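**Student:** File my_file04.txt follows (compact mmCIF, C-alpha atoms):
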```
# COMPACT_ATOMS: atom_id res chain seq x y z
CA MET A 733 0.00 0.00 0.00
CA ALA A 734 2.90 2.33 0.71
CA ARG A 735 4.01 2.16 -2.90
CA ILE A 736 0.54 3.11 -4.14
CA PHE A 737 0.34 5.93 -1.62
CA PHE A 738 3.64 7.39 -2.80
CA GLN A 739 2.62 6.93 -6.44
CA LEU A 740 -0.54 8.91 -5.73
CA LEU A 741 1.48 11.58 -3.99
CA PHE A 742 3.91 11.73 -6.90
CA LEU A 743 1.17 11.83 -9.55
CA LEU A 744 -0.68 14.58 -7.68
CA SER A 745 2.36 16.74 -7.02
CA VAL A 746 4.32 16.54 -10.30
CA PRO A 747 1.66 18.32 -12.46
CA ALA A 748 1.98 21.33 -10.16
CA LEU A 749 5.38 22.14 -11.67
CA PRO A 750 4.36 22.58 -15.36
CA ALA A 751 1.14 24.21 -14.16
CA TYR A 752 3.14 26.74 -12.16
CA LEU A 753 5.53 27.38 -15.06
CA CYS A 754 2.58 27.98 -17.42
CA ALA A 755 0.77 30.18 -14.93
CA LEU A 756 3.72 32.35 -14.02
CA PRO A 757 3.82 34.60 -17.13
CA GLN A 758 0.03 34.75 -17.38
CA LEU A 759 -0.67 35.69 -13.79
CA THR A 760 1.51 38.80 -13.67
CA PRO A 761 -0.91 41.67 -13.13
CA ALA A 762 -1.62 43.86 -16.15
CA PRO A 763 -1.48 47.64 -15.72
CA THR A 764 -4.98 48.90 -15.01
CA THR A 765 -6.52 51.68 -17.06
CA PRO A 766 -9.08 53.92 -15.37
CA LEU A 767 -12.76 53.24 -15.92
CA LEU A 768 -14.76 55.66 -18.06
CA PRO A 769 -18.31 56.51 -16.96
CA GLY A 770 -20.64 53.61 -17.72
CA GLU A 771 -17.87 51.00 -17.76
CA ILE A 772 -17.46 48.01 -15.50
CA ARG A 773 -14.54 45.66 -14.91
CA PRO A 774 -15.00 41.90 -15.55
CA ALA A 775 -14.10 41.10 -11.93
CA THR A 776 -16.91 43.35 -10.65
CA ALA A 777 -19.46 41.96 -13.10
CA LYS A 778 -18.50 38.44 -12.02
CA LEU A 779 -19.25 39.33 -8.42
CA TRP A 780 -22.80 40.35 -9.42
CA LYS A 781 -23.42 36.81 -10.75
CA GLU A 782 -27.13 36.35 -11.63
CA ARG A 783 -27.82 40.07 -11.28
CA VAL A 784 -26.23 40.68 -14.68
CA LEU A 785 -27.90 40.40 -18.06
CA TRP A 786 -25.08 39.91 -20.54
CA VAL A 787 -25.64 41.41 -23.98
CA ASP A 788 -23.22 40.40 -26.72
CA TYR A 789 -22.96 42.94 -29.53
CA ARG A 790 -20.46 41.06 -31.67
CA PRO A 791 -21.59 39.73 -35.07
CA ASN A 792 -23.76 36.61 -34.90
CA PRO A 793 -21.14 34.08 -36.07
CA HIS A 794 -18.87 35.13 -33.19
CA PHE A 795 -21.77 34.89 -30.75
CA SER A 796 -22.73 31.44 -32.02
CA LYS A 797 -19.16 30.22 -31.72
CA GLN A 798 -18.45 31.40 -28.18
CA ARG A 799 -20.14 33.64 -25.64
CA ILE A 800 -20.60 34.28 -21.95
CA PRO A 801 -23.18 31.72 -20.77
CA GLY A 802 -26.69 33.16 -20.67
CA ALA A 803 -25.80 36.11 -22.91
CA VAL A 804 -28.28 37.59 -25.38
CA SER A 805 -27.12 38.60 -28.85
CA CYS A 806 -27.83 42.17 -29.90
CA PRO A 807 -25.52 43.56 -32.61
CA PRO A 808 -26.12 47.33 -33.10
CA GLU A 809 -27.29 46.86 -36.69
CA GLU A 810 -30.02 44.45 -35.48
CA PHE A 811 -31.03 46.51 -32.45
CA SER A 812 -34.67 46.97 -33.46
CA GLN A 813 -35.19 43.22 -34.11
CA ARG A 814 -33.21 42.00 -31.08
CA HIS A 815 -34.13 44.42 -28.30
CA PRO A 816 -37.45 42.67 -27.43
CA GLU A 817 -35.47 39.59 -26.41
CA VAL A 818 -33.24 41.73 -24.21
CA LEU A 819 -36.28 43.28 -22.54
CA ALA A 820 -37.88 39.86 -22.10
CA ARG A 821 -34.80 38.60 -20.24
CA TRP A 822 -34.28 41.78 -18.22
CA SER A 823 -35.73 42.35 -14.75
CA HIS A 824 -35.45 45.28 -12.35
CA GLU A 825 -32.75 43.71 -10.18
CA LYS A 826 -30.51 43.04 -13.18
CA ALA A 827 -27.85 45.32 -14.64
CA VAL A 828 -27.27 45.13 -18.38
CA VAL A 829 -23.60 44.59 -19.25
CA LEU A 830 -22.65 44.93 -22.90
CA TYR A 831 -19.59 43.24 -24.29
CA GLY A 832 -18.11 42.87 -27.75
CA ASP A 833 -15.00 43.77 -29.67
CA SER A 834 -15.00 47.57 -29.43
CA GLU A 835 -15.73 49.76 -26.42
CA ALA A 836 -16.74 52.67 -28.67
CA VAL A 837 -19.48 50.55 -30.26
CA GLY A 838 -20.44 49.38 -26.78
CA HIS A 839 -20.83 52.92 -25.46
CA ALA A 840 -22.98 53.92 -28.45
CA LEU A 841 -25.18 50.86 -27.96
CA ALA A 842 -25.39 51.49 -24.20
CA GLU A 843 -26.69 54.98 -24.96
CA ARG A 844 -29.43 53.49 -27.18
CA PHE A 845 -30.39 51.12 -24.36
CA ARG A 846 -30.69 54.10 -22.00
CA GLN A 847 -32.51 56.42 -24.42
CA GLU A 848 -34.74 54.06 -26.37
CA LEU A 849 -35.43 51.32 -23.80
CA ASN A 850 -35.30 53.50 -20.67
CA LEU A 851 -32.87 51.15 -18.96
CA GLU A 852 -30.75 52.89 -16.34
CA THR A 853 -28.20 50.35 -15.20
CA VAL A 854 -26.38 49.71 -18.47
CA TYR A 855 -22.63 49.14 -18.48
CA VAL A 856 -19.94 48.40 -21.04
CA LEU A 857 -17.45 45.70 -20.09
CA LYS A 858 -14.00 47.24 -19.70
CA GLY A 859 -11.59 45.57 -22.11
CA ASN A 860 -14.49 43.83 -23.83
CA TRP A 861 -14.59 40.16 -24.77
CA ARG A 862 -10.79 40.00 -24.88
CA GLU A 863 -10.46 41.09 -21.27
CA TRP A 864 -13.15 38.63 -20.18
CA ASN A 865 -11.16 35.81 -21.74
CA ARG A 866 -7.86 36.83 -20.17
CA MET B 824 18.26 2.31 -7.34
CA GLU B 825 16.06 -0.77 -6.99
CA PRO B 826 13.28 0.95 -4.96
CA VAL B 827 13.18 3.76 -7.53
CA ARG B 828 12.96 1.29 -10.40
CA HIS B 829 10.25 -0.60 -8.52
CA PHE B 830 8.35 2.67 -7.96
CA PHE B 831 8.26 3.59 -11.67
CA ASN B 832 8.06 -0.02 -12.82
CA ALA B 833 5.95 -0.87 -15.85
CA GLY B 834 3.24 -3.21 -14.59
CA PRO B 835 2.85 -6.77 -15.86
CA GLU B 836 1.40 -7.30 -19.34
CA ASP B 837 -2.39 -7.13 -19.63
CA SER B 838 -4.77 -9.46 -21.36
CA PHE B 839 -6.16 -8.03 -24.61
CA ALA B 840 -9.44 -6.81 -23.07
CA TRP B 841 -7.75 -5.07 -20.14
CA LYS B 842 -5.23 -3.54 -22.52
CA ILE B 843 -8.10 -2.02 -24.54
CA VAL B 844 -9.68 -0.64 -21.35
CA ARG B 845 -6.37 0.84 -20.18
CA ILE B 846 -5.49 2.41 -23.52
CA SER B 847 -9.01 3.82 -23.98
CA ILE B 848 -8.92 5.50 -20.57
CA ALA B 849 -5.41 6.77 -21.29
CA LEU B 850 -6.50 8.32 -24.59
CA VAL B 851 -9.53 9.99 -22.99
CA PHE B 852 -7.34 11.56 -20.31
CA LEU B 853 -4.61 12.55 -22.78
CA TYR B 854 -7.13 14.14 -25.13
CA ALA B 855 -8.93 15.94 -22.30
CA GLY B 856 -5.65 17.27 -20.94
CA THR B 857 -4.08 18.39 -24.21
CA ALA B 858 -7.32 20.04 -25.38
CA LYS B 859 -7.30 22.29 -22.31
CA VAL B 860 -3.65 22.87 -21.59
CA ALA B 861 -3.21 25.42 -24.39
CA ASP B 862 -6.08 27.64 -23.24
CA PRO B 863 -6.19 27.89 -19.44
CA GLN B 864 -8.25 31.10 -19.64
CA GLU B 865 -11.07 29.30 -21.38
CA PHE B 866 -10.90 26.44 -18.90
CA THR B 867 -10.89 28.91 -15.99
CA LEU B 868 -14.19 30.31 -17.24
CA ALA B 869 -15.58 26.81 -17.73
CA ILE B 870 -14.74 25.89 -14.10
CA ASP B 871 -16.02 29.25 -12.85
CA HIS B 872 -19.41 28.62 -14.45
CA TYR B 873 -19.91 25.64 -12.12
CA ARG B 874 -19.91 28.15 -9.22
CA LEU B 875 -18.29 25.65 -6.87
CA THR B 876 -14.89 27.17 -6.11
CA PRO B 877 -13.62 30.65 -5.23
CA TRP B 878 -11.85 32.48 -8.03
CA PRO B 879 -8.21 31.85 -6.94
CA VAL B 880 -8.90 28.11 -6.59
CA THR B 881 -10.62 28.12 -9.98
CA VAL B 882 -7.57 29.68 -11.64
CA GLY B 883 -5.25 27.21 -9.91
CA LEU B 884 -7.37 24.25 -11.00
CA ALA B 885 -7.47 25.50 -14.59
CA PHE B 886 -3.70 25.40 -14.78
CA TYR B 887 -3.27 22.20 -12.76
CA LEU B 888 -5.98 19.80 -13.96
CA PRO B 889 -4.90 19.51 -17.64
CA TRP B 890 -1.38 18.53 -16.56
CA LEU B 891 -2.77 16.02 -14.09
CA GLU B 892 -4.86 14.48 -16.86
CA ILE B 893 -1.89 14.37 -19.23
CA GLY B 894 0.22 12.75 -16.52
CA LEU B 895 -2.44 10.14 -15.77
CA GLY B 896 -2.97 9.43 -19.46
CA GLY B 897 0.77 9.07 -20.02
CA CYS B 898 1.19 6.72 -17.06
CA LEU B 899 -1.75 4.56 -18.13
CA LEU B 900 -0.50 4.42 -21.70
CA THR B 901 3.07 3.46 -20.75
CA ARG B 902 2.10 1.27 -17.73
CA ARG B 903 4.22 3.35 -15.37
CA MET B 904 3.00 3.65 -11.76
CA LEU B 905 -0.08 1.78 -12.92
CA PRO B 906 -1.84 1.11 -9.60
CA GLY B 907 -1.49 4.75 -8.53
CA ALA B 908 -2.55 6.09 -11.93
CA SER B 909 -5.56 3.75 -12.07
CA VAL B 910 -6.76 4.70 -8.60
CA LEU B 911 -6.27 8.40 -9.30
CA SER B 912 -8.06 8.24 -12.66
CA PHE B 913 -10.96 6.50 -10.90
CA ALA B 914 -11.07 9.22 -8.24
CA ALA B 915 -10.84 11.97 -10.87
CA SER B 916 -13.68 10.40 -12.88
CA GLY B 917 -15.80 10.31 -9.72
CA VAL B 918 -15.14 13.97 -9.07
CA PHE B 919 -15.92 14.90 -12.70
CA LEU B 920 -19.21 12.99 -12.55
CA GLY B 921 -20.13 14.62 -9.24
CA VAL B 922 -19.43 18.09 -10.58
CA ILE B 923 -21.51 17.49 -13.73
CA LEU B 924 -24.40 16.12 -11.64
CA SER B 925 -24.17 19.12 -9.34
CA ALA B 926 -24.40 21.52 -12.31
CA TRP B 927 -27.30 19.55 -13.77
CA SER B 928 -29.18 19.63 -10.46
CA ARG B 929 -28.84 23.43 -10.45
CA ASN B 930 -29.88 23.73 -14.13
CA LEU B 931 -26.75 25.64 -15.05
CA ASP B 932 -26.41 26.59 -18.71
CA ILE B 933 -22.72 25.90 -19.05
CA SER B 934 -19.98 24.63 -21.26
CA CYS B 935 -18.64 21.64 -19.33
CA GLY B 936 -14.99 22.33 -20.16
CA CYS B 937 -14.12 18.63 -20.16
CA PHE B 938 -12.54 18.68 -23.61
CA GLY B 939 -11.60 22.32 -23.94
CA PRO B 940 -13.30 24.31 -26.71
CA ALA B 941 -14.24 21.10 -28.58
CA ILE B 942 -17.61 20.98 -26.80
CA ASN B 943 -19.26 24.35 -26.35
CA HIS B 944 -22.45 23.41 -24.56
CA THR B 945 -23.28 20.58 -22.25
CA HIS B 946 -25.97 18.05 -23.05
CA TYR B 947 -26.33 16.69 -19.56
CA PRO B 948 -27.76 13.18 -20.18
CA SER B 949 -25.07 12.25 -22.69
CA HIS B 950 -22.41 13.81 -20.49
CA VAL B 951 -23.53 11.90 -17.42
CA ALA B 952 -23.68 8.69 -19.47
CA PHE B 953 -20.14 9.25 -20.73
CA ASN B 954 -18.86 10.02 -17.23
CA LEU B 955 -20.61 6.94 -15.82
CA LEU B 956 -18.91 4.85 -18.48
CA LEU B 957 -15.57 6.44 -17.66
CA LEU B 958 -16.15 5.88 -13.95
CA ALA B 959 -17.05 2.22 -14.53
CA SER B 960 -13.99 1.61 -16.72
CA THR B 961 -11.57 3.40 -14.42
CA GLY B 962 -13.12 1.66 -11.40
CA ALA B 963 -12.79 -1.75 -13.04
CA ARG B 964 -9.24 -0.98 -14.12
CA ALA B 965 -8.30 0.29 -10.64
CA GLY B 966 -9.72 -2.86 -9.06
CA TYR B 967 -7.84 -5.00 -11.56
CA ASP B 968 -4.53 -3.19 -10.96
CA LEU B 969 -4.90 -3.25 -7.18
CA PHE B 970 -5.97 -6.84 -6.72
CA ARG B 971 -4.53 -8.91 -9.54
CA LYS B 972 -2.30 -11.72 -8.34
CA SER B 973 0.74 -10.67 -10.35
CA ASN B 974 0.75 -7.32 -8.56
CA PRO B 975 3.70 -7.39 -6.18
CA GLU B 976 1.64 -5.36 -3.70
CA THR B 977 -0.95 -8.06 -3.14
```
Any chance you could put this one into structure tokens?
**Tutor:**
Amino acid sequence: MARIFFQLLFLLSVPALPAYLCALPQLTPAPTTPLLPGEIRPATAKLWKERVLWVDYRPNPHFSKQRIPGAVSCPPEEFSQRHPEVLARWSHEKAVVLYGDSEAVGHALAERFRQELNLETVYVLKGNWREWNR
Amino acid sequence: MEPVRHFFNAGPEDSFAWKIVRISIALVFLYAGTAKVADPQEFTLAIDHYRLTPWPVTVGLAFYLPWLEIGLGGCLLTRRMLPGASVLSFAASGVFLGVILSAWSRNLDISCGCFGPAINHTHYPSHVAFNLLLLASTGARAGYDLFRKSNPET
């Protein structure tokens, strides 16, 4: 039994070394850029958990390929067709967080959500989809 | 050097059926590990969606688990440290099944993360069936490696 115990110990501990070596360059903190009004950091949005309605404004093929679970697709050019689905999924306790490939597009879309849909808690994900995947 | 050689020793030859079981499990673990090792960020998100571990643990697991799977797959394939690798693959399969069942019971809409980006959304019944099969094979293989007569431990 001792041999098996030490084999288990060895098999459990050895993977820690390559894991650590892989993690080391990726876990060095990136310099933080200040938030603009209406922006939210991924870490904060993650803390809100179910109180976030994710809206993906990337083109549909990108959305179909990969997205934040539970996200609704709403590219700016399809806003009028897609916004009913956003409203159907939204509730008063939820904040809308928009993410995509460009913060400028996100801010413009966030403004449409505020003006045309009268939603107040609308944010743009800082760093967008790329930052979420970091 | 003898204890070291004994520790890493290739186990005795298997019968054809047990060889198939061992190699199949090894390939599953090797594929699962290599599919995830290149993209730990994606795997971190996949683990995070289970909502079972705090964020620092999630990140640690995302870097660690693929290497563990590769190590287990490699050991099973080359018959090195076979009893230990069999028992650990059985335990890992049990944990994977438990985690999938836990997500299913909470109706989480998640990507399971088992095979990296290869599977984007989880179809729970087929996933549970696959994990049950994996658990049964690893369990049988662990039992075989622990209790067979040619094993110097028994």
**Student:** So what do you get for atom CA of B:Ile923 versus atom CA of A:Asp788, distance-wise?
**Tutor:**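 According to the coordinates, atom CA of B:Ile923 and atom CA of A:Asp788 are separated by 26.4 Å.
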**Student:** What does the distance between atom CA of B:Leu875 and atom CA of B:Asp932 come to in Å, to one decimal place?
**Tutor:** 14.4 Å
**Student:** Taking only C-alpha atoms into account, produce a table as a tab-separated table in which each residue of chain A with an atom at most 7 Å from an atom of chain B appears once, together with its shortest atom pair and the distance in Å to one decimal, ordered by chain and rising number.
**Tutor:**
```
residue	atom	partner	partner_atom	distance
A:Met733	CA	B:Glu976	CA	6.7
A:Arg735	CA	B:Phe830	CA	6.7
A:Ile736	CA	B:Gly907	CA	5.1
A:Gln739	CA	B:Gly907	CA	5.1
A:Leu740	CA	B:Gly907	CA	5.1
A:Leu744	CA	B:Leu891	CA	6.9
A:Pro747	CA	B:Trp890	CA	5.1
A:Ala748	CA	B:Tyr887	CA	5.9
A:Ala751	CA	B:Phe886	CA	5.0
A:Ala755	CA	B:Phe886	CA	6.5
A:Pro801	CA	B:Ile933	CA	6.1
A:Gly802	CA	B:Asp932	CA	6.9
A:Asn865	CA	B:Gln864	CA	5.9
A:Arg866	CA	B:Gln864	CA	5.8
```
**Student:** Considering only C-alpha atoms, can you say which of A:Gly859, A:Pro816, A:Pro766, A:Pro750 comes closest to A:Ala836?
**Tutor:** A:Gly859
**Student:** Show which residues sit within 9 Å of stretch 846-848 of chain B, as a CSV table (one decimal) with C-alpha atoms, keeping the file's coordinate frame. Count only C-alpha atoms, and ignore same-chain residues fewer than 6 positions away.
**Tutor:**
```csv
chain,number,residue,atom,x,y,z
B,896,GLY,CA,-3.0,9.4,-19.5
B,899,LEU,CA,-1.8,4.6,-18.1
B,900,LEU,CA,-0.5,4.4,-21.7
B,912,SER,CA,-8.1,8.2,-12.7
B,957,LEU,CA,-15.6,6.4,-17.7
B,960,SER,CA,-14.0,1.6,-16.7
B,961,THR,CA,-11.6,3.4,-14.4
```
**Student:** Around (-18.3, 9.4, -20.0), as given in the file, which residues come within 12 Å? Count all atoms listed in the file and list them as a list of chain:residue names.
**Tutor:**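 Checking each residue against the 12 Å limit leaves B:Ser847, B:Ile848, B:Val851, B:Phe852, B:Ala855, B:Ser916, B:Gly917, B:Phe919, B:Leu920, B:Ile923, B:Cys937, B:Phe938, B:His946, B:Tyr947, B:Pro948, B:Ser949, B:His950, B:Val951, B:Ala952, B:Phe953, B:Asn954, B:Leu955, B:Leu956, B:Leu957, B:Leu958, B:Ala959, B:Ser960, B:Thr961.
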**Student:** Which value, in Å to one decimal, gives the distance between atom CA of B:Gly962 and atom CA of B:Ala914?
**Tutor:**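 These atoms are spaced 8.4 Å apart.
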**Student:** Padding 6 Å on each side, edges along x, y and z: where is the centre of the box around the listed atoms of stretch 918-922 of chain B, and how long are its edges in Å to one decimal? Output it as lines of an AutoDock Vina configuration file.
**Tutor:**
```
center_x = -17.6
center_y = 15.5
center_z = -10.9
size_x = 17.0
size_y = 17.1
size_z = 15.6
```
**Student:** What lies within 7 Å of A:Tyr789 using only C-alpha atoms, ignoring chain neighbours under 6 positions off, as a list in words?
**Tutor:** Ser805, Cys806, Pro807, Pro808, Leu830, Tyr831 and Gly832 of chain A
**Student:** For a cutoff of 12 Å around the file-coordinate point (-18.3, 51.2, -27.3), which residues qualify once you count all atoms listed in the file? I'd like the result as a VMD selection string.
**Tutor:** chain A and resid 768 to 771 788 to 790 807 to 808 829 to 844 855 to 861
**Student:** For B:Gly856, which of B:Phe970, B:Ser928, B:Phe839, B:Gly936 is the closest residue, counting all atoms listed in the file?
**Tutor:**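 With all atoms listed in the file as the atom set, the closest residue is B:Gly936.
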